[in-house]
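> Just one file: structure03.cif, with mmCIF, N, CA and C atoms.
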```cif
data_final
loop_
_atom_site.label_atom_id
_atom_site.label_comp_id
_atom_site.auth_asym_id
_atom_site.auth_seq_id
_atom_site.Cartn_x
_atom_site.Cartn_y
_atom_site.Cartn_z
N GLN A 1 -10.51 19.89 2.02
CA GLN A 1 -11.07 19.08 3.09
C GLN A 1 -10.77 17.59 2.85
N GLN A 2 -10.94 17.13 1.62
CA GLN A 2 -10.67 15.73 1.31
C GLN A 2 -9.19 15.41 1.49
N VAL A 3 -8.34 16.36 1.16
CA VAL A 3 -6.90 16.17 1.34
C VAL A 3 -6.58 16.00 2.82
N ASN A 4 -7.22 16.80 3.66
CA ASN A 4 -7.01 16.69 5.11
C ASN A 4 -7.48 15.33 5.63
N GLN A 5 -8.57 14.82 5.08
CA GLN A 5 -9.06 13.50 5.49
C GLN A 5 -8.05 12.41 5.13
N ILE A 6 -7.45 12.53 3.97
CA ILE A 6 -6.43 11.56 3.57
C ILE A 6 -5.26 11.60 4.54
N PHE A 7 -4.81 12.81 4.85
CA PHE A 7 -3.67 12.95 5.77
C PHE A 7 -4.02 12.44 7.16
N GLU A 8 -5.23 12.73 7.63
CA GLU A 8 -5.66 12.23 8.94
C GLU A 8 -5.68 10.70 8.95
N ARG A 9 -6.11 10.09 7.84
CA ARG A 9 -6.13 8.62 7.76
C ARG A 9 -4.71 8.07 7.82
N PHE A 10 -3.79 8.72 7.13
CA PHE A 10 -2.39 8.28 7.16
C PHE A 10 -1.80 8.39 8.56
N THR A 11 -2.00 9.53 9.21
CA THR A 11 -1.41 9.71 10.55
C THR A 11 -2.07 8.78 11.56
N HIS A 12 -3.37 8.56 11.41
CA HIS A 12 -4.06 7.60 12.27
C HIS A 12 -3.46 6.21 12.07
N GLY A 13 -3.21 5.86 10.81
CA GLY A 13 -2.60 4.57 10.51
C GLY A 13 -1.22 4.43 11.12
N LEU A 14 -0.44 5.51 11.09
CA LEU A 14 0.90 5.47 11.67
C LEU A 14 0.82 5.27 13.19
N ARG A 15 -0.08 5.99 13.83
CA ARG A 15 -0.22 5.87 15.29
C ARG A 15 -0.65 4.46 15.70
N ASN A 16 -1.48 3.82 14.88
CA ASN A 16 -2.01 2.50 15.22
C ASN A 16 -1.26 1.36 14.56
N CYS A 17 -0.15 1.67 13.91
CA CYS A 17 0.64 0.65 13.20
C CYS A 17 -0.21 -0.10 12.17
N ASP A 18 -1.10 0.64 11.49
CA ASP A 18 -1.96 0.05 10.47
C ASP A 18 -1.17 -0.24 9.20
N VAL A 19 -1.76 -1.05 8.37
CA VAL A 19 -1.24 -1.30 7.03
C VAL A 19 -2.27 -0.76 6.06
N ILE A 20 -1.85 0.12 5.18
CA ILE A 20 -2.75 0.69 4.18
C ILE A 20 -2.34 0.12 2.83
N LEU A 21 -3.26 -0.60 2.21
CA LEU A 21 -2.97 -1.19 0.91
C LEU A 21 -3.45 -0.25 -0.18
N THR A 22 -2.60 -0.02 -1.13
CA THR A 22 -2.96 0.83 -2.26
C THR A 22 -2.24 0.34 -3.50
N SER A 23 -2.70 0.75 -4.62
CA SER A 23 -2.06 0.32 -5.87
C SER A 23 -1.13 1.42 -6.37
N PRO A 24 -0.16 1.06 -7.19
CA PRO A 24 0.72 2.08 -7.77
C PRO A 24 -0.07 3.13 -8.55
N GLU A 25 -1.18 2.71 -9.16
CA GLU A 25 -2.00 3.65 -9.93
C GLU A 25 -2.60 4.72 -9.03
N ASP A 26 -3.01 4.34 -7.81
CA ASP A 26 -3.56 5.31 -6.87
C ASP A 26 -2.51 6.34 -6.47
N ILE A 27 -1.32 5.87 -6.21
CA ILE A 27 -0.23 6.78 -5.82
C ILE A 27 0.12 7.71 -6.97
N LEU A 28 0.23 7.17 -8.16
CA LEU A 28 0.53 7.99 -9.33
C LEU A 28 -0.57 9.00 -9.58
N SER A 29 -1.81 8.58 -9.43
CA SER A 29 -2.95 9.48 -9.61
C SER A 29 -2.88 10.65 -8.63
N PHE A 30 -2.53 10.36 -7.38
CA PHE A 30 -2.39 11.42 -6.38
C PHE A 30 -1.27 12.38 -6.77
N ASP A 31 -0.15 11.84 -7.22
CA ASP A 31 0.98 12.68 -7.65
C ASP A 31 0.59 13.58 -8.82
N LEU A 32 -0.11 13.01 -9.79
CA LEU A 32 -0.52 13.79 -10.95
C LEU A 32 -1.57 14.83 -10.59
N LEU A 33 -2.46 14.48 -9.68
CA LEU A 33 -3.47 15.44 -9.23
C LEU A 33 -2.82 16.61 -8.50
N THR A 34 -1.76 16.34 -7.76
CA THR A 34 -1.02 17.41 -7.08
C THR A 34 -0.47 18.40 -8.10
N ILE A 35 0.13 17.88 -9.14
CA ILE A 35 0.66 18.75 -10.21
C ILE A 35 -0.47 19.53 -10.85
N ASP A 36 -1.59 18.86 -11.11
CA ASP A 36 -2.73 19.51 -11.74
C ASP A 36 -3.29 20.63 -10.88
N LYS A 37 -3.37 20.41 -9.57
CA LYS A 37 -3.87 21.45 -8.66
C LYS A 37 -2.98 22.69 -8.73
N CYS A 38 -1.69 22.49 -8.73
CA CYS A 38 -0.76 23.63 -8.81
C CYS A 38 -0.88 24.32 -10.17
N ARG A 39 -1.03 23.55 -11.22
CA ARG A 39 -1.16 24.11 -12.57
C ARG A 39 -2.41 24.97 -12.69
N ARG A 40 -3.47 24.58 -11.98
CA ARG A 40 -4.74 25.33 -12.02
C ARG A 40 -4.78 26.47 -11.00
N ASN A 41 -3.65 26.76 -10.41
CA ASN A 41 -3.54 27.82 -9.40
C ASN A 41 -4.35 27.53 -8.14
N GLU A 42 -4.60 26.27 -7.86
CA GLU A 42 -5.26 25.87 -6.61
C GLU A 42 -4.14 25.54 -5.62
N PHE A 43 -3.44 26.59 -5.20
CA PHE A 43 -2.20 26.41 -4.46
C PHE A 43 -2.41 25.86 -3.05
N ALA A 44 -3.51 26.20 -2.40
CA ALA A 44 -3.74 25.68 -1.04
C ALA A 44 -3.84 24.15 -1.08
N ALA A 45 -4.65 23.64 -2.00
CA ALA A 45 -4.78 22.19 -2.12
C ALA A 45 -3.47 21.57 -2.58
N GLY A 46 -2.81 22.21 -3.54
CA GLY A 46 -1.54 21.70 -4.05
C GLY A 46 -0.48 21.62 -2.97
N ARG A 47 -0.41 22.66 -2.12
CA ARG A 47 0.57 22.65 -1.01
C ARG A 47 0.26 21.54 -0.03
N SER A 48 -1.02 21.37 0.29
CA SER A 48 -1.41 20.30 1.22
C SER A 48 -1.03 18.93 0.65
N MET A 49 -1.26 18.76 -0.63
CA MET A 49 -0.95 17.48 -1.26
C MET A 49 0.56 17.25 -1.32
N LEU A 50 1.32 18.31 -1.57
CA LEU A 50 2.78 18.20 -1.54
C LEU A 50 3.27 17.82 -0.15
N SER A 51 2.61 18.38 0.88
CA SER A 51 2.98 18.04 2.26
C SER A 51 2.74 16.55 2.52
N ILE A 52 1.64 16.03 2.01
CA ILE A 52 1.35 14.61 2.18
C ILE A 52 2.40 13.77 1.47
N GLN A 53 2.81 14.19 0.28
CA GLN A 53 3.85 13.46 -0.45
C GLN A 53 5.16 13.45 0.32
N ARG A 54 5.54 14.60 0.87
CA ARG A 54 6.78 14.66 1.68
C ARG A 54 6.67 13.77 2.90
N TRP A 55 5.53 13.85 3.58
CA TRP A 55 5.29 13.03 4.77
C TRP A 55 5.37 11.55 4.39
N SER A 56 4.77 11.19 3.27
CA SER A 56 4.77 9.79 2.81
C SER A 56 6.18 9.29 2.56
N ARG A 57 7.01 10.12 1.93
CA ARG A 57 8.39 9.70 1.66
C ARG A 57 9.14 9.39 2.95
N LYS A 58 8.77 10.09 4.01
CA LYS A 58 9.44 9.90 5.30
C LYS A 58 8.88 8.70 6.08
N HIS A 59 7.58 8.48 6.01
CA HIS A 59 6.92 7.51 6.89
C HIS A 59 6.37 6.26 6.21
N VAL A 60 6.22 6.26 4.90
CA VAL A 60 5.56 5.16 4.21
C VAL A 60 6.59 4.26 3.56
N ARG A 61 6.36 2.97 3.60
CA ARG A 61 7.25 2.01 2.96
C ARG A 61 6.49 1.29 1.85
N ASP A 62 7.13 1.19 0.72
CA ASP A 62 6.57 0.49 -0.42
C ASP A 62 6.94 -0.98 -0.29
N ILE A 63 5.93 -1.81 -0.11
CA ILE A 63 6.16 -3.24 0.05
C ILE A 63 5.53 -3.93 -1.15
N LEU A 64 6.30 -4.76 -1.80
CA LEU A 64 5.84 -5.39 -3.02
C LEU A 64 6.13 -6.88 -2.96
N ASP A 65 5.13 -7.67 -3.26
CA ASP A 65 5.32 -9.11 -3.30
C ASP A 65 6.23 -9.42 -4.48
N GLU A 66 7.38 -9.99 -4.20
CA GLU A 66 8.37 -10.21 -5.25
C GLU A 66 7.95 -11.26 -6.26
N SER A 67 6.91 -12.01 -5.97
CA SER A 67 6.44 -12.97 -6.97
C SER A 67 5.47 -12.31 -7.94
N ASP A 68 5.20 -11.06 -7.72
CA ASP A 68 4.26 -10.32 -8.55
C ASP A 68 4.73 -10.34 -10.01
N GLU A 69 3.79 -10.44 -10.89
CA GLU A 69 4.12 -10.53 -12.32
C GLU A 69 4.86 -9.31 -12.84
N ILE A 70 4.64 -8.15 -12.23
CA ILE A 70 5.31 -6.96 -12.75
C ILE A 70 6.82 -7.02 -12.60
N LEU A 71 7.31 -7.91 -11.75
CA LEU A 71 8.75 -8.05 -11.61
C LEU A 71 9.33 -9.11 -12.55
N HIS A 72 8.47 -9.72 -13.34
CA HIS A 72 8.95 -10.73 -14.29
C HIS A 72 9.97 -10.09 -15.22
N VAL A 73 10.98 -10.85 -15.57
CA VAL A 73 12.09 -10.34 -16.38
C VAL A 73 11.62 -9.77 -17.71
N LYS A 74 10.53 -10.28 -18.26
CA LYS A 74 10.09 -9.78 -19.56
C LYS A 74 9.58 -8.34 -19.49
N TYR A 75 9.28 -7.84 -18.28
CA TYR A 75 8.83 -6.46 -18.13
C TYR A 75 9.93 -5.52 -17.68
N GLN A 76 11.11 -6.03 -17.47
CA GLN A 76 12.20 -5.20 -16.94
C GLN A 76 13.06 -4.65 -18.06
N LEU A 77 13.47 -3.41 -17.87
CA LEU A 77 14.44 -2.80 -18.78
C LEU A 77 15.80 -2.89 -18.11
N ILE A 78 16.79 -3.25 -18.86
CA ILE A 78 18.12 -3.42 -18.29
C ILE A 78 19.03 -2.37 -18.89
N TYR A 79 19.62 -1.58 -18.02
CA TYR A 79 20.58 -0.57 -18.44
C TYR A 79 21.94 -0.96 -17.89
N THR A 80 22.95 -0.85 -18.69
CA THR A 80 24.28 -1.30 -18.27
C THR A 80 25.09 -0.17 -17.67
N VAL A 81 24.45 0.66 -16.88
CA VAL A 81 25.15 1.73 -16.19
C VAL A 81 25.21 1.35 -14.72
N ASP A 82 26.40 1.33 -14.16
CA ASP A 82 26.61 1.02 -12.75
C ASP A 82 26.39 -0.47 -12.49
N GLY A 83 26.62 -0.87 -11.26
CA GLY A 83 26.53 -2.27 -10.90
C GLY A 83 25.12 -2.69 -10.57
N GLN A 84 24.94 -4.00 -10.47
CA GLN A 84 23.63 -4.54 -10.13
C GLN A 84 23.28 -4.16 -8.70
N GLN A 85 22.03 -3.80 -8.48
CA GLN A 85 21.58 -3.41 -7.15
C GLN A 85 20.36 -4.23 -6.77
N GLN A 86 20.26 -4.48 -5.49
CA GLN A 86 19.11 -5.20 -4.98
C GLN A 86 17.89 -4.27 -4.96
N VAL A 87 16.70 -4.85 -5.11
CA VAL A 87 15.47 -4.08 -5.00
C VAL A 87 15.43 -3.44 -3.62
N ASP A 88 14.90 -2.22 -3.54
CA ASP A 88 14.82 -1.49 -2.29
C ASP A 88 14.22 -2.36 -1.18
N GLY A 89 14.92 -2.54 -0.10
CA GLY A 89 14.42 -3.33 1.02
C GLY A 89 14.84 -4.79 0.98
N GLY A 90 15.30 -5.25 -0.16
CA GLY A 90 15.80 -6.61 -0.29
C GLY A 90 14.81 -7.66 0.17
N ALA A 91 15.31 -8.65 0.89
CA ALA A 91 14.48 -9.77 1.34
C ALA A 91 13.41 -9.34 2.34
N GLU A 92 13.61 -8.20 2.98
CA GLU A 92 12.60 -7.73 3.94
C GLU A 92 11.25 -7.48 3.27
N ARG A 93 11.26 -7.19 1.97
CA ARG A 93 10.00 -6.94 1.26
C ARG A 93 9.10 -8.17 1.32
N TRP A 94 9.61 -9.32 0.93
CA TRP A 94 8.75 -10.50 0.93
C TRP A 94 8.52 -11.03 2.33
N LYS A 95 9.48 -10.84 3.23
CA LYS A 95 9.26 -11.27 4.62
C LYS A 95 8.15 -10.44 5.27
N THR A 96 8.11 -9.16 4.94
CA THR A 96 7.07 -8.28 5.49
C THR A 96 5.70 -8.68 4.95
N ILE A 97 5.61 -8.91 3.65
CA ILE A 97 4.35 -9.35 3.05
C ILE A 97 3.89 -10.66 3.69
N GLU A 98 4.81 -11.58 3.86
CA GLU A 98 4.51 -12.87 4.47
C GLU A 98 3.97 -12.68 5.89
N ALA A 99 4.61 -11.81 6.67
CA ALA A 99 4.17 -11.55 8.04
C ALA A 99 2.79 -10.90 8.07
N ILE A 100 2.55 -9.96 7.16
CA ILE A 100 1.24 -9.30 7.10
C ILE A 100 0.15 -10.31 6.76
N LEU A 101 0.41 -11.14 5.77
CA LEU A 101 -0.60 -12.13 5.39
C LEU A 101 -0.84 -13.16 6.49
N GLU A 102 0.17 -13.51 7.25
CA GLU A 102 -0.02 -14.41 8.39
C GLU A 102 -0.92 -13.75 9.45
N LEU A 103 -0.72 -12.44 9.67
CA LEU A 103 -1.58 -11.73 10.62
C LEU A 103 -3.02 -11.66 10.12
N VAL A 104 -3.19 -11.42 8.83
CA VAL A 104 -4.54 -11.41 8.25
C VAL A 104 -5.19 -12.78 8.45
N LYS A 105 -4.45 -13.83 8.15
CA LYS A 105 -4.98 -15.20 8.30
C LYS A 105 -5.36 -15.48 9.75
N LYS A 106 -4.53 -15.03 10.67
CA LYS A 106 -4.74 -15.29 12.09
C LYS A 106 -5.96 -14.54 12.64
N HIS A 107 -6.16 -13.29 12.21
CA HIS A 107 -7.19 -12.44 12.82
C HIS A 107 -8.42 -12.22 11.95
N ALA A 108 -8.42 -12.69 10.72
CA ALA A 108 -9.52 -12.40 9.79
C ALA A 108 -10.87 -12.90 10.31
N GLY A 109 -10.90 -14.09 10.86
CA GLY A 109 -12.16 -14.65 11.36
C GLY A 109 -12.78 -13.79 12.46
N ASP A 110 -11.98 -13.41 13.45
CA ASP A 110 -12.48 -12.58 14.55
C ASP A 110 -12.93 -11.21 14.06
N ILE A 111 -12.13 -10.61 13.18
CA ILE A 111 -12.47 -9.29 12.67
C ILE A 111 -13.76 -9.35 11.86
N SER A 112 -13.93 -10.41 11.06
CA SER A 112 -15.14 -10.52 10.24
C SER A 112 -16.39 -10.69 11.09
N GLN A 113 -16.27 -11.30 12.26
CA GLN A 113 -17.42 -11.43 13.15
C GLN A 113 -17.81 -10.08 13.74
N CYS A 114 -16.83 -9.26 14.04
CA CYS A 114 -17.12 -7.93 14.61
C CYS A 114 -17.71 -6.98 13.57
N PHE A 115 -17.33 -7.15 12.32
CA PHE A 115 -17.75 -6.23 11.25
C PHE A 115 -18.38 -7.02 10.10
N SER A 116 -19.30 -7.92 10.43
CA SER A 116 -19.84 -8.85 9.44
C SER A 116 -20.53 -8.16 8.26
N GLU A 117 -21.07 -6.97 8.47
CA GLU A 117 -21.75 -6.28 7.37
C GLU A 117 -20.77 -5.65 6.38
N HIS A 118 -19.50 -5.54 6.77
CA HIS A 118 -18.50 -4.89 5.92
C HIS A 118 -17.43 -5.85 5.40
N ILE A 119 -17.43 -7.08 5.88
CA ILE A 119 -16.35 -8.00 5.53
C ILE A 119 -16.92 -9.35 5.11
N TYR A 120 -16.41 -9.87 4.01
CA TYR A 120 -16.74 -11.23 3.58
C TYR A 120 -15.59 -12.12 4.03
N TYR A 121 -15.93 -13.23 4.69
CA TYR A 121 -14.91 -14.16 5.17
C TYR A 121 -15.39 -15.59 4.99
N LYS A 122 -14.52 -16.41 4.47
CA LYS A 122 -14.80 -17.85 4.35
C LYS A 122 -13.50 -18.56 4.67
N SER A 123 -13.53 -19.38 5.72
CA SER A 123 -12.30 -20.08 6.11
C SER A 123 -11.91 -21.09 5.04
N SER A 124 -10.65 -21.38 5.00
CA SER A 124 -10.15 -22.32 3.99
C SER A 124 -10.46 -23.75 4.43
N GLU A 125 -10.75 -24.58 3.46
CA GLU A 125 -11.06 -25.98 3.76
C GLU A 125 -9.80 -26.82 3.85
N ARG A 126 -8.75 -26.38 3.19
CA ARG A 126 -7.47 -27.10 3.25
C ARG A 126 -6.55 -26.40 4.24
N LYS A 127 -5.71 -27.18 4.87
CA LYS A 127 -4.83 -26.65 5.91
C LYS A 127 -3.87 -25.57 5.40
N GLY A 128 -3.26 -25.75 4.26
CA GLY A 128 -2.27 -24.80 3.76
C GLY A 128 -2.85 -23.66 2.94
N ALA A 129 -4.17 -23.62 2.79
CA ALA A 129 -4.81 -22.60 1.96
C ALA A 129 -5.13 -21.35 2.77
N PHE A 130 -5.20 -20.24 2.07
CA PHE A 130 -5.50 -18.96 2.70
C PHE A 130 -7.01 -18.75 2.68
N PRO A 131 -7.61 -18.22 3.76
CA PRO A 131 -9.05 -17.99 3.76
C PRO A 131 -9.43 -16.87 2.79
N GLN A 132 -10.68 -16.89 2.34
CA GLN A 132 -11.18 -15.79 1.52
C GLN A 132 -11.56 -14.66 2.46
N PHE A 133 -11.06 -13.48 2.19
CA PHE A 133 -11.26 -12.34 3.09
C PHE A 133 -11.25 -11.07 2.25
N ARG A 134 -12.36 -10.33 2.26
CA ARG A 134 -12.36 -9.08 1.51
C ARG A 134 -13.30 -8.07 2.14
N LEU A 135 -12.96 -6.81 1.96
CA LEU A 135 -13.80 -5.72 2.44
C LEU A 135 -14.89 -5.47 1.42
N GLN A 136 -16.11 -5.21 1.91
CA GLN A 136 -17.23 -4.98 0.98
C GLN A 136 -17.61 -3.53 0.95
#
```
Show how you would write the structure in this file as structure tokens.

Amino acid sequence: QQVNQIFERFTHGLRNCDVILTSPEDILSFDLLTIDKCRRNEFAAGRSMLSIQRWSRKHVRDILDESDEILHVKYQLIYTVDGQQQVDGGAERWKTIEAILELVKKHAGDISQCFSEHIYYKSSERKGAFPQFRLQ
């Protein structure tokens, strides 16, 4: 049932052009749980989770802020096999993040008024600063 709820949330997000933020740890945890379900002979849940993974590969895009510390050169392993390749999505990755954050900045105030019990919002005092905005 919980797996179906996750899938319904994903498909709802696709229909509404939503952005779902998640961490790499959450995705890895889901992948490992899928393997664990199959290992425990919980095949119905395992199959459903595999279906979500297949669906995700087709419909979900991994967007990563390129200024993120995890891309710092000190964390990268360099293998001298094949030529240098651009990160998946290239410049579109940071352009997409930039566009998403601009939309958040533009609409955060109105959204926080509609859902004030679930959202903390504080406008920025400086012109170039980003407002404080978080789900509670």
> Which one of A:Phe10, A:Leu135, A:Val3, A:Thr22 sits closest to A:Lys37 if you count only C-alpha atoms?
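With only C-alpha atoms as the atom set, the closest residue is A:Val3.
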> Quick one, how far is atom C of A:Ser123 from atom C of A:Gly109?
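It comes out at 10.4 Å.
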> Looking only at the backbone, which of the residues in chain A does DSSP tag as strand (DSSP E or B), as a list in words?
Ile119, Tyr120, Tyr121, Lys122, Gln132, Phe133, Arg134 and Leu135 of chain A
> How would you write as a list in words the residues that get within 12 Å of (-2.9, 20.4, -6.2) in the file's frame, counting only C-alpha atoms?
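Residues satisfying the cut-off, written out: Gln2, Val3, Ser29, Phe30, Asp31, Leu32, Leu33, Thr34, Ile35, Asp36, Lys37, Cys38, Arg39, Arg40, Asn41, Glu42, Phe43, Ala44, Ala45, Gly46, Arg47, Ser48, Met49, Leu50, Ser51, Ile52 and Gln53 of chain A.
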> What does the structure give for the distance between atom CA of A:Leu103 and atom N of A:Gly128, in Å to one decimal?
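For atom CA of A:Leu103 relative to atom N of A:Gly128, the distance reads 15.5 Å.
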> Just to confirm, what's the straight-line distance from atom CA of A:Asp110 to atom CA of A:Ser23 in Å (one decimal)?
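Separation of atom CA of A:Asp110 and atom CA of A:Ser23: 26.3 Å.
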> Looking at A:Asn4, A:Thr11, A:Gln132, A:Asn16, which one is nearest to A:Val104, with distances taken over only C-alpha atoms?
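Of all the options, A:Gln132 lies closest to A:Val104.
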> Could you tell me, as a list of chain:residue names, exactly which residues end up selected when the PyMOL selection byres ((chain A and resi 122) around 8) is applied to this structure?
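Evaluating the PyMOL selection byres ((chain A and resi 122) around 8) on these coordinates yields A:Ala108, A:Gly109, A:Ile119, A:Tyr120, A:Tyr121, A:Ser123, A:Ser124, A:Glu125, A:Phe130, A:Pro131, A:Gln132, A:Phe133, A:Arg134.
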> Of the candidates A:Lys105, A:Arg54, A:His59, A:Lys95, which shows the shortest atom-to-atom distance to A:Leu14, using only N, CA and C atoms?
A:His59
